[in-house]
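Chemist: Before we start, here is the structure in question, set down as structure tokens.
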2 protein chains.
Amino acid sequence: MKIAVDAMGGDNAPGAIIEGCVSALSEMDAEILLVGKEPVVRAELEKYKGMYDEDRIQIVHAEEVIENEDSPVKAVRTKKDSSLVMAVDMVKDGTANAMMSAGNTGALMTAALLRLGRIKGIERPAIVSAFPKLGKKGEFVLLADTGANAECTAKNLLSFAYMGSIYRHHAFGTEDPKIGLINIGEEETKGTPMLKEAYQMLKASDLNFIGNVEGREIPRTEADVLVCDGFTGNIVLKLTEGTAWNVFKAVKEKITEGVKAKMGALLLKKKLYSLKEEFDYSSYGGAPILGVKGMVFKMHGSSSAVAVQNAIVKAATVCKRDVIGEIESSMERYRENVSE
Amino acid sequence: MKIAVDAMGGDNAPGAIIEGCVSALSEMDAEILLVGKEPVVRAELEKYKGMYDEDRIQIVHAEEVIENEDSPVKAVRTKKDSSLVMAVDMVKDGTANAMMSAGNTGALMTAALLRLGRIKGIERPAIVSAFPKLGKKGEFVLLADTGANAECTAKNLLSFAYMGSIYRHHAFGTEDPKIGLINIGEEETKGTPMLKEAYQMLKASDLNFIGNVEGREIPRTEADVLVCDGFTGNIVLKLTEGTAWNVFKAVKEKITEGVKAKMGALLLKKKLYSLKEEFDYSSYGGAPILGVKGMVFKMHGSSSAVAVQNAIVKAATVCKRDVIGEIESSMERYRENVSE
């Protein structure tokens with residue numbers, strides 16, 4: 001098992017990326033192909049000399065870097081020697097079982113589409129992100145799509161539901177995952193014409209569809225997978241993160257103000273810290289781009305070393321299951337449902 | 001000044017509605033027309049006998065009630081003697097300066113449209129809701145639209161921006177309000193074709209447009225007014241509420257667990273309570289339906305007596321300004337911008 005990692009992508013690259021790779025080694029048996037500017041990567045790795053199994057990390061030199069400001073399509077077309085494109089190509093030619101990057105999301109999506117191609121029957125790949133359910137320790141929901149497709153058809157949403165269900169089952173072991181549709185009301189007559197159509201398709205499918213899920217219910221939803229267009233998914237993901245972080249911060253400031261006894265403040269901080277971990281997105285790994293012929297994982301742009309480590313370990317686990325093959329065969333079921 | 005209040009609409013009607021009306025009297029000089037089933041309303045009012053100025057609350061009997069489950073258009077057409085429709089009609093015929101209801105949102109929207117009519121130049125009215133900025137005590141943002149129009153054109157969003165700007169200025173005194181566009185990236189090239197077009201229209205207008213606002217930035221945005229389609233607005237409003245409430249609850253449970261000294265727990269609860277008030281949506285009043293020829297306010301379905309009180313007092317203040325007239329004259333500016 002080999003995982004190609006884009007060493008140059010992300011706000012904290014290459015430092016946090018490489019630290020995460022080194023830490024991941026002890027928690028899995030996969031090998032890592034670190035793709036990036038060799039001198040830079042080598043210098044970073046030097047810091048951990050003797051602290052990891054050097055046989056299991058290989059540096060692959062990439063001359064170029066795709067920046068966040070680069071136009072995705074242009075960057076993928078012109079920067080063929082970039083760490084991001086080279087890592088995707090390693091999945092294509094079988095050198096790696098999966099690749100991951102914390103870099104330019106649009107470029108990653110474009111590279112996955114152009115270099116790997118779509119799975120037959122999938123019109124639009126989806127980015128599938130996990131986030132913790134609030135106040136339900138250890139529980140989480142998968143959200144598909146979170147930004148690959150700003151506008152979607154009802155058929156797109158149905159395919160996201162199939163892919164999300166398969167990923168949830170194979171990556172996390174959930175049996176017959178519950179699928180919810182994000183909407184502005186519980187009744188099947190709510191929302192845009194597209195959402196009403198998607199509701200009927202999901203209801204008629206063999207998926208475990210539990211109905212519409214309103215904004216207020218999202219944080220504690222019963223669903224294992226929530227489907228929506230990429231515009232809504234992006235807003236939901238980022239707004240949840242922003243709101244949780246800000247409420248958390250406000251509460252922390254409020255309750256520690258005036259706490260003079262050091263013991264009291266310390267105790268409070270300890271409790272809050274353990275809670276913050278429960279809300280931590282990064283413990284559920286990277287977000288796969290599903291629907292392309294290869295495992296590609298998007299990591300959060302501001303991923304810390306721990307987030308990178310979690311994402312790599314999770315990816316190595318997922319790669320032991322044939323997620324791509326499962327999606328391919330589910331497309332048979334999907335087509336039957338769509339044509340009905 | 002007279003405010004017509006639908007005594008029968010909302011989860012806590014008529015109890016909380018009537019309690020809120022009674023409490024509002026001492027904070028304003030307006031009179032209240034309580035519209036609902038007379039025996040029920042009278043019995044509720046009896047509870048407060050001697051505690052308020054009886055000359056300033058008048059009961060207007062309404063035989064019917066529109067329920068939450070009623071189909072909006074059908075209910076407005078067939079239940080002409082309902083408290084909701086009758087209260088709207090009082091605004092139309094000049095008996096009341098404004099009306100408010102915590103009942104069926106769709107029916108309120110429909111009644112406002114069918115009985116009052118649209119302001120010339122406005123294609124679609126918008127529901128404009130206020131919510132507090134997290135961690136910025138006393139600051140808040142107006143969101144337009146929060147549910148009247150699931151799908152919108154760029155022109156709709158521009159008109160929402162004008163109406164939101166005028167309402168912010170006249171109801172809250174904000175000079176030249178900052179307008180933000182909810183989108184999935186900061187750059188003007190982000191989002192759907194509709195949002196790109198709306199961006200350009202807002203940029204070309206004489207409004208104080210500050211650009212796109214991403215999901216993560218919404219809780220602490222610099223904007224005074226955020227515009228979006230009603231689907232997005234509904235999700236943003238409810239998700240923020242749900243997330244804030246759940247994080248708050250989780251933190252409260254965590255930090256009070258094991259706090260044995262009663263003094264310590266009491267102190268924490270007191271602090272948390274004061275913070276909860278900062279996050280309280282209801283202190284900014286009801287949500288006006290802007291774009292119709294009359295002041296109609298939607299109150300939260302689960303409004304408490306305090307929320308109703310706040311909403312009525314705020315509405316009485318707003319009615320002293322000619323918001324409808326201001327919107328009418330701004331439509332001249334709007335048309336110039338759209339035709340450019």
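Convention: chains lettered A, B, ... in structure tokens order; per-chain residue numbering from 1; ligands numbered from 1 as shown.
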Can you write out as CSV which residues of chain B fall within 7 Å of chain A, alongside each residue's closest atom pair and its distance in Å to one decimal, counting only C-alpha atoms and ordering rows by chain and ascending residue number?
Modeler:
```
residue,atom,partner,partner_atom,distance
B:Leu134,CA,A:Asn246,CA,6.0
B:Gly135,CA,A:Ala250,CA,5.4
B:Ala150,CA,A:Thr192,CA,6.0
B:Glu151,CA,A:Thr192,CA,6.7
B:Ile184,CA,A:Asn234,CA,6.4
B:Gly191,CA,A:Ala150,CA,6.4
B:Thr192,CA,A:Ala150,CA,6.0
B:Gly215,CA,A:Leu239,CA,4.3
B:Arg216,CA,A:Gly242,CA,4.5
B:Glu217,CA,A:Gly242,CA,6.7
B:Ile218,CA,A:Leu239,CA,6.8
B:Pro219,CA,A:Thr243,CA,5.9
B:Phe231,CA,A:Ile184,CA,6.5
B:Thr232,CA,A:Thr232,CA,6.9
B:Asn234,CA,A:Ile184,CA,6.4
B:Ile235,CA,A:Gly215,CA,4.7
B:Lys238,CA,A:Arg216,CA,4.5
B:Leu239,CA,A:Gly215,CA,4.4
B:Thr240,CA,A:Thr243,CA,6.4
B:Glu241,CA,A:Arg216,CA,6.5
B:Gly242,CA,A:Arg216,CA,4.5
B:Thr243,CA,A:Pro219,CA,5.9
B:Ala244,CA,A:Val247,CA,6.2
B:Asn246,CA,A:Leu134,CA,6.0
B:Val247,CA,A:Ala244,CA,6.2
B:Phe248,CA,A:Val247,CA,7.0
B:Ala250,CA,A:Gly135,CA,5.3
B:Lys254,CA,A:Lys271,CA,6.6
B:Ile255,CA,A:Lys271,CA,6.3
B:Leu268,CA,A:Ile255,CA,6.5
B:Lys271,CA,A:Ile255,CA,6.3
```
Chemist: Write out as a PyMOL selection string all residues of region 134-286 of chain A that backbone DSSP assigns to helix (DSSP H, G or I).
Modeler: chain A and resi 154-172+193-204+215-220+230-256+262-278+281-284
Chemist: Export, as an mmCIF file, in the first residue's frame, the selected residues with C-alpha atoms.
Modeler:
```
data_model
loop_
_atom_site.group_PDB
_atom_site.id
_atom_site.type_symbol
_atom_site.label_atom_id
_atom_site.label_comp_id
_atom_site.auth_asym_id
_atom_site.auth_seq_id
_atom_site.Cartn_x
_atom_site.Cartn_y
_atom_site.Cartn_z
ATOM 1 C CA ALA A 154 -31.718 15.860 -8.983
ATOM 2 C CA LYS A 155 -29.831 12.991 -10.682
ATOM 3 C CA ASN A 156 -26.552 14.433 -9.398
ATOM 4 C CA LEU A 157 -27.904 14.379 -5.847
ATOM 5 C CA LEU A 158 -29.048 10.777 -6.256
ATOM 6 C CA SER A 159 -25.563 9.763 -7.399
ATOM 7 C CA PHE A 160 -24.039 11.648 -4.432
ATOM 8 C CA ALA A 161 -26.347 9.653 -2.155
ATOM 9 C CA TYR A 162 -25.148 6.365 -3.635
ATOM 10 C CA MET A 163 -21.491 7.328 -3.407
ATOM 11 C CA GLY A 164 -21.913 8.719 0.097
ATOM 12 C CA SER A 165 -23.680 5.574 1.246
ATOM 13 C CA ILE A 166 -20.947 3.327 -0.153
ATOM 14 C CA TYR A 167 -18.160 5.423 1.320
ATOM 15 C CA ARG A 168 -19.828 5.565 4.713
ATOM 16 C CA HIS A 169 -20.270 1.797 4.686
ATOM 17 C CA HIS A 170 -16.801 0.849 3.457
ATOM 18 C CA ALA A 171 -14.736 3.533 5.179
ATOM 19 C CA PHE A 172 -16.573 3.608 8.498
ATOM 20 C CA PRO A 193 -38.340 21.951 -8.046
ATOM 21 C CA MET A 194 -34.910 20.248 -8.220
ATOM 22 C CA LEU A 195 -35.101 19.246 -4.546
ATOM 23 C CA LYS A 196 -38.668 17.974 -4.891
ATOM 24 C CA GLU A 197 -37.502 15.786 -7.789
ATOM 25 C CA ALA A 198 -34.474 14.595 -5.806
ATOM 26 C CA TYR A 199 -36.768 13.726 -2.889
ATOM 27 C CA GLN A 200 -38.894 11.489 -5.113
ATOM 28 C CA MET A 201 -35.831 9.811 -6.667
ATOM 29 C CA LEU A 202 -34.323 9.109 -3.245
ATOM 30 C CA LYS A 203 -37.662 7.822 -1.947
ATOM 31 C CA ALA A 204 -38.001 5.467 -4.932
ATOM 32 C CA GLY A 215 -30.900 23.616 8.921
ATOM 33 C CA ARG A 216 -31.745 23.509 12.611
ATOM 34 C CA GLU A 217 -31.531 19.688 12.668
ATOM 35 C CA ILE A 218 -28.215 19.386 10.797
ATOM 36 C CA PRO A 219 -25.984 19.585 13.919
ATOM 37 C CA ARG A 220 -27.680 16.568 15.531
ATOM 38 C CA GLY A 230 -21.988 21.948 -3.536
ATOM 39 C CA PHE A 231 -22.996 25.546 -2.855
ATOM 40 C CA THR A 232 -25.212 24.556 0.077
ATOM 41 C CA GLY A 233 -22.666 21.994 1.314
ATOM 42 C CA ASN A 234 -19.869 24.528 1.298
ATOM 43 C CA ILE A 235 -21.976 27.053 3.245
ATOM 44 C CA VAL A 236 -23.133 24.386 5.731
ATOM 45 C CA LEU A 237 -19.622 23.065 6.371
ATOM 46 C CA LYS A 238 -17.975 26.451 6.780
ATOM 47 C CA LEU A 239 -20.837 28.045 8.707
ATOM 48 C CA THR A 240 -20.949 25.154 11.179
ATOM 49 C CA GLU A 241 -17.213 25.453 11.676
ATOM 50 C CA GLY A 242 -17.374 29.251 12.035
ATOM 51 C CA THR A 243 -20.333 29.228 14.396
ATOM 52 C CA ALA A 244 -19.026 26.413 16.610
ATOM 53 C CA TRP A 245 -15.634 28.069 16.860
ATOM 54 C CA ASN A 246 -17.071 31.488 17.725
ATOM 55 C CA VAL A 247 -19.577 30.233 20.299
ATOM 56 C CA PHE A 248 -16.855 28.129 21.854
ATOM 57 C CA LYS A 249 -14.521 31.097 22.030
ATOM 58 C CA ALA A 250 -17.176 33.393 23.504
ATOM 59 C CA VAL A 251 -18.100 30.842 26.169
ATOM 60 C CA LYS A 252 -14.465 30.250 27.044
ATOM 61 C CA GLU A 253 -13.785 33.966 27.451
ATOM 62 C CA LYS A 254 -16.922 34.424 29.503
ATOM 63 C CA ILE A 255 -16.437 31.601 31.960
ATOM 64 C CA THR A 256 -12.741 32.123 32.526
ATOM 65 C CA LYS A 262 -5.569 29.074 39.134
ATOM 66 C CA MET A 263 -6.889 25.625 39.900
ATOM 67 C CA GLY A 264 -10.384 26.622 38.832
ATOM 68 C CA ALA A 265 -9.243 28.160 35.560
ATOM 69 C CA LEU A 266 -7.030 25.172 34.810
ATOM 70 C CA LEU A 267 -9.845 22.735 35.433
ATOM 71 C CA LEU A 268 -12.168 24.684 33.157
ATOM 72 C CA LYS A 269 -9.564 24.860 30.419
ATOM 73 C CA LYS A 270 -8.992 21.137 30.646
ATOM 74 C CA LYS A 271 -12.682 20.425 30.301
ATOM 75 C CA LEU A 272 -13.042 22.789 27.370
ATOM 76 C CA TYR A 273 -10.045 21.258 25.673
ATOM 77 C CA SER A 274 -11.570 17.789 25.805
ATOM 78 C CA LEU A 275 -14.759 19.192 24.329
ATOM 79 C CA LYS A 276 -12.879 20.948 21.564
ATOM 80 C CA GLU A 277 -11.474 17.602 20.551
ATOM 81 C CA GLU A 278 -15.002 16.240 20.186
ATOM 82 C CA TYR A 281 -13.274 17.895 12.111
ATOM 83 C CA SER A 282 -9.839 16.575 11.372
ATOM 84 C CA SER A 283 -10.205 13.335 13.304
ATOM 85 C CA TYR A 284 -12.421 11.924 10.558
#
```
Chemist: Can you tell me, as a PyMOL selection string, what residues are no more than 8 Å from region 36-42 of chain B when counting only C-alpha atoms, ignoring any on the same chain fewer than 5 positions away?
Modeler: chain B and resi 6-8+14+18+59-65+82-83
Chemist: Quick one: residues within 7 Å of Glu186 (chain A), only C-alpha atoms, excluding same-chain residues fewer than 2 positions away - as number ranges by chain?
Modeler: A: 188, 212-214
Chemist: Rank nothing, just name the residue among B:Gly286, B:Gly50, B:Pro177, B:Gly9 nearest to Leu34 (chain B), using only C-alpha atoms.
Modeler: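 Checking each candidate against Leu34 (chain B), we get B:Gly9 as the closest.
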Chemist: Of the candidates A:Lys314, A:Arg333, A:Lys293, A:Arg56, which one gets nearest to Gly117 (chain A) if we count only C-alpha atoms?
Modeler: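 Closest residue, counting only C-alpha atoms: A:Lys293.
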Chemist: I'd like the contact shell of Lys49 (chain B) - 12 Å cut-off, only C-alpha atoms, skipping same-chain residues fewer than 6 positions apart - returned as a list in words.
Modeler: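 Here the answer would be Glu19, Val22, Arg42, Ala43, Asp55 and Ile57 of chain B.
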Chemist: Write out as a ChimeraX atom specification each polymer residue whose atoms come within 9 Å of Ala316 (chain B), counting only C-alpha atoms; drop sequence neighbours fewer than 6 positions from it.
Modeler: /B:1-3,28-30,97-98
Chemist: Within region 31-83 of chain B, find each residue whose DSSP state, derived from the backbone, is strand (DSSP E or B), and express the selection as number ranges by chain.
Modeler: B: 31-36, 57-61, 64, 82
Chemist: Can you write out the residues you just picked, keeping N, CA and C atoms, as a PDB file, in the first residue's frame?
Modeler:
```
ATOM      1  N   GLU B  31     -50.983  51.655  20.395  1.00  0.00           N
ATOM      2  CA  GLU B  31     -52.091  50.809  20.853  1.00  0.00           C
ATOM      3  C   GLU B  31     -52.033  49.463  20.144  1.00  0.00           C
ATOM      4  N   ILE B  32     -52.680  48.466  20.765  1.00  0.00           N
ATOM      5  CA  ILE B  32     -52.650  47.125  20.178  1.00  0.00           C
ATOM      6  C   ILE B  32     -54.058  46.657  19.828  1.00  0.00           C
ATOM      7  N   LEU B  33     -54.197  46.137  18.614  1.00  0.00           N
ATOM      8  CA  LEU B  33     -55.446  45.499  18.203  1.00  0.00           C
ATOM      9  C   LEU B  33     -55.202  43.997  18.226  1.00  0.00           C
ATOM     10  N   LEU B  34     -55.778  43.321  19.204  1.00  0.00           N
ATOM     11  CA  LEU B  34     -55.544  41.883  19.359  1.00  0.00           C
ATOM     12  C   LEU B  34     -56.593  41.118  18.558  1.00  0.00           C
ATOM     13  N   VAL B  35     -56.141  40.450  17.503  1.00  0.00           N
ATOM     14  CA  VAL B  35     -57.082  39.794  16.598  1.00  0.00           C
ATOM     15  C   VAL B  35     -57.112  38.294  16.873  1.00  0.00           C
ATOM     16  N   GLY B  36     -58.307  37.780  17.222  1.00  0.00           N
ATOM     17  CA  GLY B  36     -58.422  36.349  17.510  1.00  0.00           C
ATOM     18  C   GLY B  36     -59.797  36.018  18.050  1.00  0.00           C
ATOM     19  N   ILE B  57     -55.529  48.282  24.655  1.00  0.00           N
ATOM     20  CA  ILE B  57     -55.649  46.989  23.962  1.00  0.00           C
ATOM     21  C   ILE B  57     -57.108  46.767  23.595  1.00  0.00           C
ATOM     22  N   GLN B  58     -57.348  46.564  22.318  1.00  0.00           N
ATOM     23  CA  GLN B  58     -58.706  46.350  21.833  1.00  0.00           C
ATOM     24  C   GLN B  58     -58.771  44.950  21.216  1.00  0.00           C
ATOM     25  N   ILE B  59     -59.814  44.200  21.555  1.00  0.00           N
ATOM     26  CA  ILE B  59     -59.942  42.860  20.975  1.00  0.00           C
ATOM     27  C   ILE B  59     -60.765  42.940  19.699  1.00  0.00           C
ATOM     28  N   VAL B  60     -60.270  42.335  18.642  1.00  0.00           N
ATOM     29  CA  VAL B  60     -61.020  42.265  17.385  1.00  0.00           C
ATOM     30  C   VAL B  60     -61.322  40.786  17.132  1.00  0.00           C
ATOM     31  N   HIS B  61     -62.586  40.451  17.128  1.00  0.00           N
ATOM     32  CA  HIS B  61     -62.952  39.034  16.999  1.00  0.00           C
ATOM     33  C   HIS B  61     -62.668  38.487  15.589  1.00  0.00           C
ATOM     34  N   GLU B  64     -61.976  32.493  12.572  1.00  0.00           N
ATOM     35  CA  GLU B  64     -61.142  31.361  12.144  1.00  0.00           C
ATOM     36  C   GLU B  64     -59.672  31.509  12.528  1.00  0.00           C
ATOM     37  N   SER B  82     -60.013  34.675   9.241  1.00  0.00           N
ATOM     38  CA  SER B  82     -58.974  34.215  10.172  1.00  0.00           C
ATOM     39  C   SER B  82     -58.259  35.414  10.777  1.00  0.00           C
TER      40      SER B  82
END
```
Chemist: Using only C-alpha atoms, which residues sit within 12 Å of Ser329 (chain A) once same-chain residues fewer than 3 positions away are excluded, as a PyMOL selection string?
Modeler: chain A and resi 119-122+162-163+166+322-326+332-336
Chemist: Would you compute the distance between CA of Phe297 (chain A) and CA of Ala126 (chain A)? Give it in Å to one decimal.
Modeler: 11.3 Å
Chemist: Could you tell me how far CA of Tyr48 (chain A) lies from CA of Gly20 (chain A), in Å and to one decimal?
Modeler: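 Between CA of Tyr48 (chain A) and CA of Gly20 (chain A) the gap is 11.2 Å.
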Chemist: Between CA of Thr78 (chain B) and CA of Ile66 (chain B), what is the distance, to one decimal in Å?
Modeler: 9.9 Å
